[in-house]
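Chemist: This is run-v4.txt (compact mmCIF, C-alpha atoms).
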# COMPACT_ATOMS: atom_id res chain seq x y z
CA MET G 397 36.84 207.08 200.13
CA PRO G 398 37.26 210.41 201.95
CA GLU G 399 36.06 213.44 200.04
CA SER G 400 38.90 215.40 198.59
CA ARG G 401 38.77 218.99 199.65
CA ALA G 402 38.96 221.45 196.78
CA GLU G 403 41.96 223.62 196.96
CA SER G 404 41.26 227.34 197.08
CA GLN G 405 41.65 228.96 193.76
CA PRO G 406 42.88 232.44 192.91
CA GLY G 407 39.83 234.70 192.93
CA ASP G 408 37.90 232.80 195.63
CA ASN G 409 36.22 235.13 198.16
CA VAL G 410 37.42 238.17 196.31
CA ASP G 411 34.80 240.85 195.69
CA LEU G 412 35.50 242.24 192.28
CA TRP G 413 32.53 244.60 192.29
CA PRO G 414 33.17 248.34 192.55
CA GLU G 415 32.71 250.17 195.87
CA GLU G 416 29.40 251.69 194.86
CA ILE G 417 26.59 249.82 193.15
CA VAL G 418 23.76 252.28 192.66
CA ALA G 419 20.91 252.77 190.25
CA THR G 420 21.42 255.50 187.70
CA ASP G 421 19.43 258.62 188.39
CA ILE G 422 17.63 258.28 185.07
CA THR G 423 13.85 258.18 185.38
CA PRO G 424 12.55 255.50 183.01
CA PRO G 425 9.76 256.37 180.55
CA ALA G 426 7.18 254.19 182.33
CA ALA G 427 7.73 256.05 185.62
CA ILE G 428 7.31 259.40 183.89
CA MET G 429 4.15 258.17 182.19
CA GLN G 430 2.78 256.83 185.51
CA MET G 431 3.32 260.22 187.12
CA GLN G 432 1.38 261.97 184.35
CA ALA G 433 -1.35 259.31 184.56
CA SER G 434 -1.78 260.07 188.27
CA LEU G 435 -1.83 263.79 187.62
CA LEU G 436 -4.69 263.40 185.12
CA SER G 437 -6.89 262.03 187.93
CA LYS G 438 -6.19 265.06 190.12
CA ARG G 439 -6.56 267.56 187.29
CA THR G 440 -10.01 266.17 186.34
CA ASN G 441 -11.33 265.70 189.87
CA TYR G 442 -11.01 261.94 189.38
CA LYS G 443 -13.53 261.94 186.51
CA LEU G 444 -10.82 260.59 184.22
CA ARG G 445 -7.65 258.73 184.99
CA GLY G 446 -4.55 257.77 183.13
CA ALA G 447 -3.37 254.19 182.77
CA VAL G 448 -0.01 252.90 181.63
CA GLU G 449 -0.01 249.38 180.24
CA THR G 450 3.31 247.65 179.72
CA THR G 451 3.87 244.55 177.63
CA ASN G 452 7.07 242.66 177.01
CA THR G 453 7.49 241.61 173.40
CA GLY G 454 10.72 239.74 174.05
CA ARG G 455 13.15 242.29 172.78
CA LYS G 456 11.26 245.40 173.80
CA LEU G 457 9.13 246.83 176.56
CA VAL G 458 6.10 248.51 175.07
CA HIS G 459 4.29 251.16 177.13
CA THR G 460 0.84 252.41 176.16
CA PHE G 461 -0.73 255.48 177.74
CA CYS G 462 -4.52 255.39 177.95
CA ILE G 463 -7.09 257.89 179.15
CA VAL G 464 -9.75 256.01 181.12
CA ALA G 465 -13.29 257.14 181.90
CA PRO G 466 -14.36 254.91 184.83
CA SER G 467 -17.98 256.10 184.74
CA LEU G 468 -18.28 255.30 181.02
CA GLU G 469 -17.91 251.55 181.54
CA ASP G 470 -14.14 251.98 181.87
CA TYR G 471 -13.91 253.36 178.34
CA ARG G 472 -10.27 253.70 177.22
CA TYR G 473 -8.67 255.95 174.67
CA GLU G 474 -5.16 254.98 173.63
CA LEU G 475 -3.21 258.24 173.37
CA PHE G 476 0.28 257.05 172.51
CA THR G 477 2.62 254.07 172.60
CA VAL G 478 6.39 254.03 173.05
CA SER G 479 8.92 251.25 173.37
CA HIS G 480 12.52 250.68 174.39
CA GLY G 481 14.99 247.88 174.87
CA VAL G 482 16.92 246.90 178.00
CA MET G 483 18.13 250.48 178.34
CA PRO G 484 15.33 252.96 179.05
CA TYR G 485 16.63 255.39 176.42
CA PRO G 486 16.40 255.98 173.54
CA VAL G 487 12.63 255.64 173.39
CA GLU G 488 10.95 254.74 170.13
CA VAL G 489 7.59 256.36 169.40
CA THR G 490 5.23 253.78 167.90
CA ILE G 491 1.87 255.52 168.01
CA ALA G 492 1.29 259.21 168.65
CA PRO G 493 -1.38 261.87 168.12
CA ASN G 494 -1.41 263.11 164.53
CA ASP G 495 -0.71 266.71 165.48
CA VAL G 496 2.50 266.00 167.42
CA LYS G 497 5.83 265.99 165.64
CA ILE G 498 7.96 262.87 165.80
CA PRO G 499 11.67 262.92 164.93
CA PRO G 500 12.38 261.30 161.55
CA SER G 501 14.21 258.50 163.37
CA LYS G 502 11.11 258.08 165.60
CA GLU G 503 13.58 258.03 168.52
CA LEU G 504 13.73 260.27 171.58
CA LYS G 505 17.35 260.08 172.65
CA ASP G 506 17.19 260.79 176.38
CA GLU G 507 15.00 261.63 179.35
CA GLN G 508 14.86 265.32 178.50
CA GLY G 509 13.89 264.54 174.92
CA PHE G 510 11.11 262.26 176.16
CA LEU G 511 9.88 264.89 178.66
CA ASP G 512 9.76 267.56 175.95
CA TRP G 513 7.89 265.26 173.57
CA LEU G 514 5.45 264.15 176.27
CA ARG G 515 4.70 267.76 177.16
CA ALA G 516 3.85 268.37 173.50
CA VAL G 517 1.60 265.28 173.42
CA LEU G 518 -0.32 266.15 176.57
CA SER G 519 -0.93 269.72 175.46
CA SER G 520 -1.75 268.79 171.85
CA GLY G 521 -5.05 269.57 170.22
CA GLU G 522 -5.75 265.86 169.86
CA THR G 523 -5.35 265.24 173.60
CA LYS G 524 -7.53 268.26 174.42
CA ARG G 525 -10.18 266.98 171.99
CA VAL G 526 -10.31 263.55 173.64
CA VAL G 527 -10.18 264.80 177.25
CA GLY G 528 -12.79 267.47 176.49
CA ALA G 529 -15.15 265.02 174.81
CA LEU G 530 -14.87 262.51 177.66
CA LEU G 531 -15.33 265.11 180.40
CA ALA G 532 -18.45 266.34 178.63
CA GLN G 533 -19.94 262.84 178.87
CA VAL G 534 -18.84 261.98 182.38
CA LYS G 535 -21.54 262.35 184.97
CA GLY G 536 -21.15 264.56 188.03
CA MET B 709 -33.60 236.42 155.02
CA PRO B 710 -34.35 236.49 158.80
CA VAL B 711 -35.40 239.90 160.07
CA SER B 712 -32.73 239.59 162.74
CA MET B 713 -30.03 239.77 160.06
CA VAL B 714 -27.83 242.87 160.36
CA ASN B 715 -25.90 244.00 157.28
CA PHE B 716 -22.40 245.44 157.59
CA LEU B 717 -20.19 247.25 155.10
CA PHE B 718 -16.52 248.07 155.62
CA TRP B 719 -14.58 250.10 153.08
CA ASN B 720 -11.22 251.86 153.11
CA ILE B 721 -12.03 254.69 150.70
CA ASN B 722 -8.46 256.00 150.47
CA ARG B 723 -9.43 259.62 151.25
CA ARG B 724 -11.40 259.84 148.01
CA PRO B 725 -14.66 261.78 147.57
CA LEU B 726 -16.77 258.68 147.05
CA GLU B 727 -19.98 259.75 148.76
CA SER B 728 -22.20 258.83 145.79
CA LEU B 729 -20.59 255.42 145.41
CA VAL B 730 -20.76 254.74 149.15
CA ALA B 731 -24.44 255.69 149.17
CA GLU B 732 -25.16 253.49 146.14
CA ILE B 733 -23.51 250.46 147.73
CA ALA B 734 -25.14 251.13 151.11
CA SER B 735 -28.53 251.23 149.39
CA SER B 736 -28.06 248.26 147.06
CA GLN B 737 -26.63 246.08 149.85
CA ARG B 738 -29.24 247.29 152.38
CA VAL B 739 -26.49 248.17 154.81
CA ASP B 740 -27.35 248.74 158.47
CA LEU B 741 -23.90 249.68 159.71
CA LEU B 742 -21.49 251.50 157.42
CA MET B 743 -17.85 251.55 158.53
CA LEU B 744 -15.41 253.71 156.58
CA ALA B 745 -11.65 253.99 156.99
CA GLU B 746 -9.51 256.77 155.52
CA CYS B 747 -12.62 258.86 155.11
CA ASP B 748 -12.18 262.60 154.57
CA ILE B 749 -15.81 263.20 153.56
CA HIS B 750 -17.59 265.44 156.04
CA PRO B 751 -20.24 263.41 157.88
CA THR B 752 -22.95 265.93 157.00
CA ALA B 753 -22.15 265.70 153.29
CA LEU B 754 -22.25 261.92 153.40
CA LEU B 755 -25.48 261.89 155.42
CA ASP B 756 -27.13 264.16 152.84
CA ILE B 757 -26.43 261.65 150.08
CA LEU B 758 -27.06 258.53 152.18
CA ASN B 759 -30.48 259.90 153.13
CA ALA B 760 -31.38 261.45 149.78
CA ALA B 761 -34.09 258.91 148.99
CA ARG B 762 -35.15 257.98 152.52
CA PRO B 763 -33.94 259.34 155.86
CA MET B 764 -32.42 256.17 157.26
CA PHE B 765 -28.84 256.74 158.29
CA ARG B 766 -27.52 258.45 161.38
CA TYR B 767 -23.99 259.50 162.13
CA ILE B 768 -22.29 257.57 164.94
CA PRO B 769 -19.58 259.81 166.41
CA VAL B 770 -16.47 257.97 167.56
CA LEU B 771 -13.40 259.42 169.25
CA SER B 772 -11.07 257.43 167.03
CA ARG B 773 -9.81 259.54 164.15
CA GLY B 774 -9.42 256.45 162.01
CA PHE B 775 -13.06 255.67 161.21
CA GLU B 776 -16.43 257.15 160.33
CA LEU B 777 -19.55 255.17 161.24
CA PHE B 778 -23.12 255.55 160.01
CA ALA B 779 -26.05 253.35 160.97
CA THR B 780 -29.72 252.88 160.31
CA PHE B 781 -30.23 252.49 164.05
CA SER B 782 -29.79 254.87 166.96
CA PRO B 783 -26.22 255.70 168.09
CA ASP B 784 -27.42 254.70 171.57
CA PHE B 785 -27.12 251.04 170.55
CA LEU B 786 -23.37 251.34 170.07
CA THR B 787 -21.33 251.84 173.23
CA PRO B 788 -17.67 252.77 172.77
CA LEU B 789 -15.32 250.73 174.94
CA TYR B 790 -11.86 251.36 173.47
CA ASP B 791 -10.45 253.73 170.87
CA SER B 792 -7.18 254.55 169.24
CA ASP B 793 -6.31 255.76 165.77
CA LYS B 794 -6.09 252.14 164.65
CA ILE B 795 -8.97 250.45 166.42
CA THR B 796 -12.38 251.21 167.80
CA ILE B 797 -14.13 248.64 169.94
CA GLN B 798 -17.88 249.13 170.31
CA ARG B 799 -20.54 247.06 172.00
CA LEU B 800 -23.47 246.64 169.62
CA SER B 801 -26.66 246.04 171.62
CA LEU B 802 -29.68 246.23 169.39
CA PRO B 803 -33.06 245.86 171.11
CA ALA B 804 -34.04 242.24 171.68
CA ARG B 805 -30.95 241.04 169.83
CA LEU B 806 -27.78 239.35 170.94
CA ASP B 807 -25.17 241.93 171.86
CA VAL B 808 -21.75 241.63 170.26
CA LEU B 809 -18.39 243.33 170.39
CA LEU B 810 -17.44 245.06 167.18
CA CYS B 811 -13.73 245.72 166.67
CA ILE B 812 -13.00 247.89 163.65
CA VAL B 813 -9.32 248.07 162.79
CA HIS B 814 -7.00 249.73 160.32
CA LEU B 815 -3.48 248.50 160.87
CA PRO B 816 -0.33 250.25 159.60
CA SER B 817 0.66 249.76 155.99
CA LYS B 818 3.53 247.58 154.84
CA LEU B 819 4.99 250.76 153.35
CA ARG B 820 5.67 252.08 156.85
CA TRP B 821 5.83 248.98 159.10
CA SER B 822 7.82 245.79 158.75
CA GLY B 823 6.09 242.42 158.88
CA GLU B 824 7.56 241.88 162.34
CA SER B 825 6.15 245.19 163.62
CA GLN B 826 2.76 244.39 162.11
CA ALA B 827 2.75 241.00 163.85
CA LEU B 828 3.73 242.52 167.20
CA GLU B 829 0.97 245.11 166.82
CA CYS B 830 -1.50 242.25 166.29
CA THR B 831 -0.41 240.64 169.56
CA ARG B 832 -0.97 243.96 171.34
CA LEU B 833 -4.40 244.47 169.77
CA ALA B 834 -5.38 240.84 170.44
CA ARG B 835 -4.54 241.36 174.12
CA ILE B 836 -6.65 244.54 174.19
CA ILE B 837 -9.57 242.65 172.61
CA ARG B 838 -9.26 239.86 175.18
CA GLU B 839 -9.25 242.45 177.98
CA VAL B 840 -12.39 244.12 176.65
CA GLU B 841 -14.04 240.69 176.24
CA ALA B 842 -13.24 240.01 179.90
CA ARG B 843 -14.85 243.33 180.84
CA VAL B 844 -18.09 242.57 178.98
CA ARG B 845 -17.93 238.90 180.02
CA HIS B 846 -18.44 237.34 176.64
CA GLU B 847 -16.47 236.48 173.52
CA ARG B 848 -19.05 237.28 170.85
CA THR B 849 -16.61 239.40 168.92
CA VAL B 850 -16.44 240.46 165.29
CA LEU B 851 -13.19 241.95 164.05
CA VAL B 852 -13.39 243.77 160.74
CA GLY B 853 -11.15 246.14 158.85
CA ASP B 854 -8.11 246.77 156.75
CA LEU B 855 -5.47 244.62 158.39
CA ASN B 856 -2.84 245.45 155.76
CA MET B 857 -1.88 241.80 156.14
CA ASN B 858 -3.02 238.69 154.36
CA PRO B 859 -4.92 235.97 156.28
CA PHE B 860 -1.83 233.72 156.22
CA GLU B 861 0.54 236.20 157.87
CA ALA B 862 1.94 235.65 161.36
CA GLY B 863 0.03 238.48 163.03
CA VAL B 864 -3.29 237.04 161.82
CA VAL B 865 -2.71 233.31 162.35
CA GLY B 866 -0.31 233.47 165.33
CA ALA B 867 -1.71 232.27 168.65
CA ALA B 868 -0.77 235.47 170.44
CA GLY B 869 -1.92 237.47 167.43
CA PHE B 870 -5.47 237.18 166.18
CA ASN B 871 -5.24 233.37 166.23
CA ALA B 872 -7.50 233.25 163.18
CA THR B 873 -7.98 229.92 161.44
CA MET B 874 -9.49 229.18 158.03
CA ALA B 875 -11.62 226.28 159.28
CA ARG B 876 -14.84 226.52 161.26
CA GLN B 877 -14.27 223.09 162.75
CA VAL B 878 -10.91 224.12 164.14
CA ALA B 879 -12.19 227.47 165.40
CA SER B 880 -15.13 225.72 167.06
CA ARG B 881 -12.71 224.15 169.53
CA GLY B 882 -12.84 227.59 171.12
CA SER B 883 -9.22 228.13 171.92
CA ARG B 884 -5.77 226.62 171.88
CA SER B 885 -2.95 226.72 174.39
CA VAL B 886 0.66 227.52 173.66
CA GLN B 887 3.24 227.30 176.43
CA GLY B 888 0.42 226.97 178.95
CA GLU B 889 -1.38 230.12 177.85
CA ARG B 890 -4.91 230.02 176.40
CA TYR B 891 -5.65 231.92 173.22
CA PRO B 892 -9.24 232.13 171.88
CA PHE B 893 -9.69 231.44 168.18
CA PHE B 894 -11.12 233.65 165.52
CA TYR B 895 -12.64 232.06 162.42
CA ASN B 896 -11.32 233.76 159.30
CA PRO B 897 -13.59 233.14 156.30
CA MET B 898 -11.45 235.41 154.09
CA TRP B 899 -9.23 232.47 153.06
CA GLY B 900 -12.05 231.55 150.69
CA HIS B 901 -11.75 234.89 148.92
CA PHE B 902 -8.33 234.44 147.35
CA GLY B 903 -8.39 234.18 143.58
CA ASP B 904 -10.92 235.00 140.92
CA HIS B 905 -13.00 231.80 141.02
CA ARG B 906 -15.99 233.89 142.09
CA GLY B 907 -15.78 235.71 138.80
CA ASN B 908 -14.70 239.14 139.92
CA ALA B 909 -11.74 240.33 141.95
CA GLY B 910 -8.89 238.10 143.13
CA GLY B 911 -8.85 239.77 146.55
CA SER B 912 -9.61 243.15 148.09
CA TYR B 913 -6.37 244.96 147.24
CA TYR B 914 -4.00 244.74 144.30
CA TYR B 915 -0.29 245.46 144.48
CA ASP B 916 2.32 244.69 141.85
CA SER B 917 5.58 244.84 143.80
CA GLY B 918 7.92 243.81 141.01
CA GLN B 919 9.69 241.44 143.43
CA HIS B 920 10.34 237.72 143.03
CA VAL B 921 7.49 236.97 145.45
CA ASN B 922 4.45 238.82 144.23
CA TYR B 923 0.86 237.89 145.15
CA TYR B 924 -0.66 240.69 143.01
CA TRP B 925 -4.03 240.27 144.75
CA ASN B 926 -4.14 240.50 148.53
CA VAL B 927 -6.96 240.00 151.01
CA PHE B 928 -6.08 242.83 153.37
CA ASP B 929 -9.71 243.67 154.16
CA GLN B 930 -11.04 240.98 156.43
CA VAL B 931 -13.76 239.99 158.85
CA LEU B 932 -13.02 237.53 161.65
CA VAL B 933 -15.56 236.11 164.09
CA ARG B 934 -15.19 234.32 167.39
CA PRO B 935 -16.45 230.70 167.47
CA GLU B 936 -19.68 231.58 169.28
CA LEU B 937 -20.73 233.71 166.31
CA ILE B 938 -19.97 231.14 163.59
CA PRO B 939 -23.57 229.78 163.51
CA ARG B 940 -24.79 233.37 163.16
CA PHE B 941 -22.39 234.25 160.34
CA PRO B 942 -23.61 233.11 156.91
CA VAL B 943 -20.36 232.68 154.95
CA GLU B 944 -22.19 232.83 151.62
CA GLU B 945 -23.27 236.40 152.44
CA LEU B 946 -19.67 237.57 152.86
CA ARG B 947 -18.59 239.29 149.68
CA ILE B 948 -15.89 241.51 148.30
CA ILE B 949 -17.83 244.00 146.17
CA ALA B 950 -16.36 244.53 142.70
CA SER B 951 -19.29 246.35 141.13
CA THR B 952 -22.35 248.39 142.00
CA PRO B 953 -25.66 248.38 140.09
CA SER B 954 -24.38 251.29 138.00
CA ARG B 955 -20.66 250.65 137.51
CA THR B 956 -17.71 248.39 138.05
CA LEU B 957 -15.08 249.17 140.66
CA LEU B 958 -12.43 247.43 138.55
CA SER B 959 -10.36 248.85 135.74
CA GLN B 960 -10.10 247.23 132.30
CA GLN B 961 -7.11 245.32 133.66
CA GLY B 962 -9.38 243.89 136.35
CA ARG B 963 -7.79 245.79 139.24
CA PRO B 964 -9.41 248.20 141.72
CA ASP B 965 -9.92 251.37 139.70
CA GLY B 966 -8.63 254.24 141.83
CA LYS B 967 -10.21 256.73 139.45
CA VAL B 968 -13.70 255.33 140.03
CA GLY B 969 -13.45 254.01 143.56
CA SER B 970 -10.72 253.26 146.06
CA ASP B 971 -7.56 251.15 145.88
CA HIS B 972 -9.40 248.79 148.25
CA LEU B 973 -12.66 247.02 147.45
CA PRO B 974 -15.57 247.11 149.91
CA LEU B 975 -16.46 244.18 152.11
CA VAL B 976 -20.04 243.27 153.05
CA PHE B 977 -21.26 240.64 155.49
CA LYS B 978 -24.26 239.79 157.61
CA LEU B 979 -24.77 238.64 161.17
CA ASP B 980 -27.90 236.98 162.49
CA LEU B 981 -28.31 238.67 165.85
Can the structure from this file be put into structure tokens for me?

Modeler:
Amino acid sequence: MPESRAESQPGDNVDLWPEEIVATDITPPAAIMQMQASLLSKRTNYKLRGAVETTNTGRKLVHTFCIVAPSLEDYRYELFTVSHGVMPYPVEVTIAPNDVKIPPSKELKDEQGFLDWLRAVLSSGETKRVVGALLAQVKG
Amino acid sequence: MPVSMVNFLFWNINRRPLESLVAEIASSQRVDLLMLAECDIHPTALLDILNAARPMFRYIPVLSRGFELFATFSPDFLTPLYDSDKITIQRLSLPARLDVLLCIVHLPSKLRWSGESQALECTRLARIIREVEARVRHERTVLVGDLNMNPFEAGVVGAAGFNATMARQVASRGSRSVQGERYPFFYNPMWGHFGDHRGNAGGSYYYDSGQHVNYYWNVFDQVLVRPELIPRFPVEELRIIASTPSRTLLSQQGRPDGKVGSDHLPLVFKLDL
């Protein structure tokens, strides 16, 4: 029996997508954290480095920022942890240095809010304590 | 007792000034490594009392804000490998002894974190532990601390969590696979410490929630060991301490007496290294 040819349907070969499909110009939290991790290497003459570890818990992406001392057997200090859903913002703060304020909702609403909070974390007394202690132990 | 036996004490002292009590327990239990959580006592003040009779203890500085460590051996034998406010992972390498990984944890309270969040945190910490084990190329790991969860909760028993089973025979299989992924077991001897059949406390922490489901006694303070350490872990030496030679840590109602000690009871155990 000859194959019956499907009749064209309304909507076939019609591109319903908009003219422009582009990524939003939002920088996701992980990219911001990676940038600061790289900067830590330069700022410490590569004695310390930052590391961003991302895990997927199913509903959320969890990003942990660690300070790593390669010459101390790759010792790691976990500085803070944030998470978010499919959308990069808002960001939820899970773990943070004790001396850095967290909004009561634990949420940082947008990129600017995350940048402001991260600046406070990286310049906090707790971060300085850890970086200072590690640099004092790192050889050379 | 073999001379290779190392004595450990973990205690969440709830920010109380318990230096005399800590020193008394450390002395009576012949503790080699003292691990304190929620400790606001200045290390120098505690060292003064710990060493009042004999200078034995040294302070082990750790970057984690969550713990204070004191040992009868040199700090050089503990190498820090990972720290956060909730966990410190140290390699314990005593001379001519088997080296082990020591993970000391204090997980968030149920007052601030949901059960789901606690379980997810366990999966994250379990992954960190596996990564550190891969770095040191062995799985001789002891996990001890205030988990703020009971041994039967998902974060403790779940494969991707601590994967901790109550039975040595099961743990001795080494690992189990779920969805094609291998998860190493922990043996959790704390299951045997529910209830008052040992004649003292019914757990390590008491909480009367006033809800329909109420355990009253909880075993939040736990020690878990990887299968390779089971033969070196005498279960009969694992105890929740409810009294010292001079006083009881329980109130007249038989609950942890926060006026004398902490809301948690101390945990002691030994390892034959």

Chemist: Using only C-alpha atoms, give me every residue within 6 Å of (-10.5, 242.0, 158.5) in file coordinates, as a list in words.

Modeler: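 Residues close enough to count: Val852, Gly853, Asp854, Leu855, Asp929, Gln930 and Val931 of chain B.
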
Chemist: Pick the closest to Glu449 (chain G) from B:Ile836, B:Leu777, B:Val813, B:Val976: which is it, counting only C-alpha atoms?

Modeler: B:Ile836

Chemist: Which residues, written as an NGL selection string, have at least one atom at most 12 Å from Thr440 (chain G), with all atoms listed in the file counted and residues fewer than 2 positions away on the same chain left out?

Modeler: :G and (433-438 or 442-446 or 463-465 or 527-528 or 530-532 or 534 or 536)

Chemist: With 8 Å as the limit and counting all atoms listed in the file, what residues in chain G lie close to chain B? Please list them as a compact mmCIF listing (two decimals) with C-alpha atoms, in the frame of the given file.

Modeler:
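Output below, filename selection.txt:
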# COMPACT_ATOMS: atom_id res chain seq x y z
CA THR G 451 3.87 244.55 177.63
CA THR G 453 7.49 241.61 173.40
CA GLU G 469 -17.91 251.55 181.54
CA ASP G 470 -14.14 251.98 181.87
CA TYR G 471 -13.91 253.36 178.34
CA ARG G 472 -10.27 253.70 177.22
CA TYR G 473 -8.67 255.95 174.67
CA GLU G 474 -5.16 254.98 173.63
CA LEU G 475 -3.21 258.24 173.37
CA VAL G 526 -10.31 263.55 173.64

Chemist: With all atoms listed in the file as the atoms that count, which of B:Ile837, B:Ala909, B:Val943, B:Met764 lies nearest to Tyr924 (chain B)?

Modeler: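 Checking each of B:Ile837, B:Ala909, B:Val943, B:Met764 against Tyr924 (chain B), counting all atoms listed in the file, the winner is B:Ala909.
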
Chemist: Give me the residues of region 459-485 of chain G that have any atom at most 7 Å from an atom of region 490-509 of chain G; for each, the nearest atom pair and the distance in Å, rounded to one decimal. Use all atoms listed in the file, sort by chain and number, and format it as JSON lines.

Modeler:
{"residue": "G:Leu475", "atom": "CA", "partner": "G:Ala492", "partner_atom": "CA", "distance": 6.6}
{"residue": "G:Phe476", "atom": "CA", "partner": "G:Ala492", "partner_atom": "CA", "distance": 4.5}
{"residue": "G:Thr477", "atom": "CA", "partner": "G:Ile491", "partner_atom": "CA", "distance": 4.9}
{"residue": "G:Val478", "atom": "CA", "partner": "G:Thr490", "partner_atom": "CA", "distance": 5.3}
{"residue": "G:Tyr485", "atom": "CA", "partner": "G:Asp506", "partner_atom": "CA", "distance": 5.4}

Chemist: Got a sec: who's within 12 Å of Asn871 (chain B), counting all atoms listed in the file, leaving out chain neighbours fewer than 4 positions off, as JSON, numbers by chain?

Modeler: {"B": [827, 830, 831, 833, 834, 835, 838, 851, 859, 860, 861, 862, 863, 864, 865, 866, 867, 875, 878, 879, 882, 883, 884, 885, 886, 890, 891, 892, 893, 894, 895, 896, 932, 933, 934, 935]}

Chemist: When you count all atoms listed in the file, which of these residues is closest to Val850 (chain B): B:His972, B:His814, B:Arg820, B:Lys978?

Modeler: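 Nearest candidate to Val850 (chain B) out of B:His972, B:His814, B:Arg820, B:Lys978: B:Lys978.
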
Chemist: Find the distance between CA of Leu806 (chain B) and CA of Ser712 (chain B) and write it in Å to one decimal.

Modeler: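 For CA of Leu806 (chain B) relative to CA of Ser712 (chain B), the distance reads 9.6 Å.
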
Chemist: What does the distance between CA of Arg455 (chain G) and CA of Thr873 (chain B) come to in Å, to one decimal place?

Modeler: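 Between CA of Arg455 (chain G) and CA of Thr873 (chain B) the gap works out to 27.0 Å.
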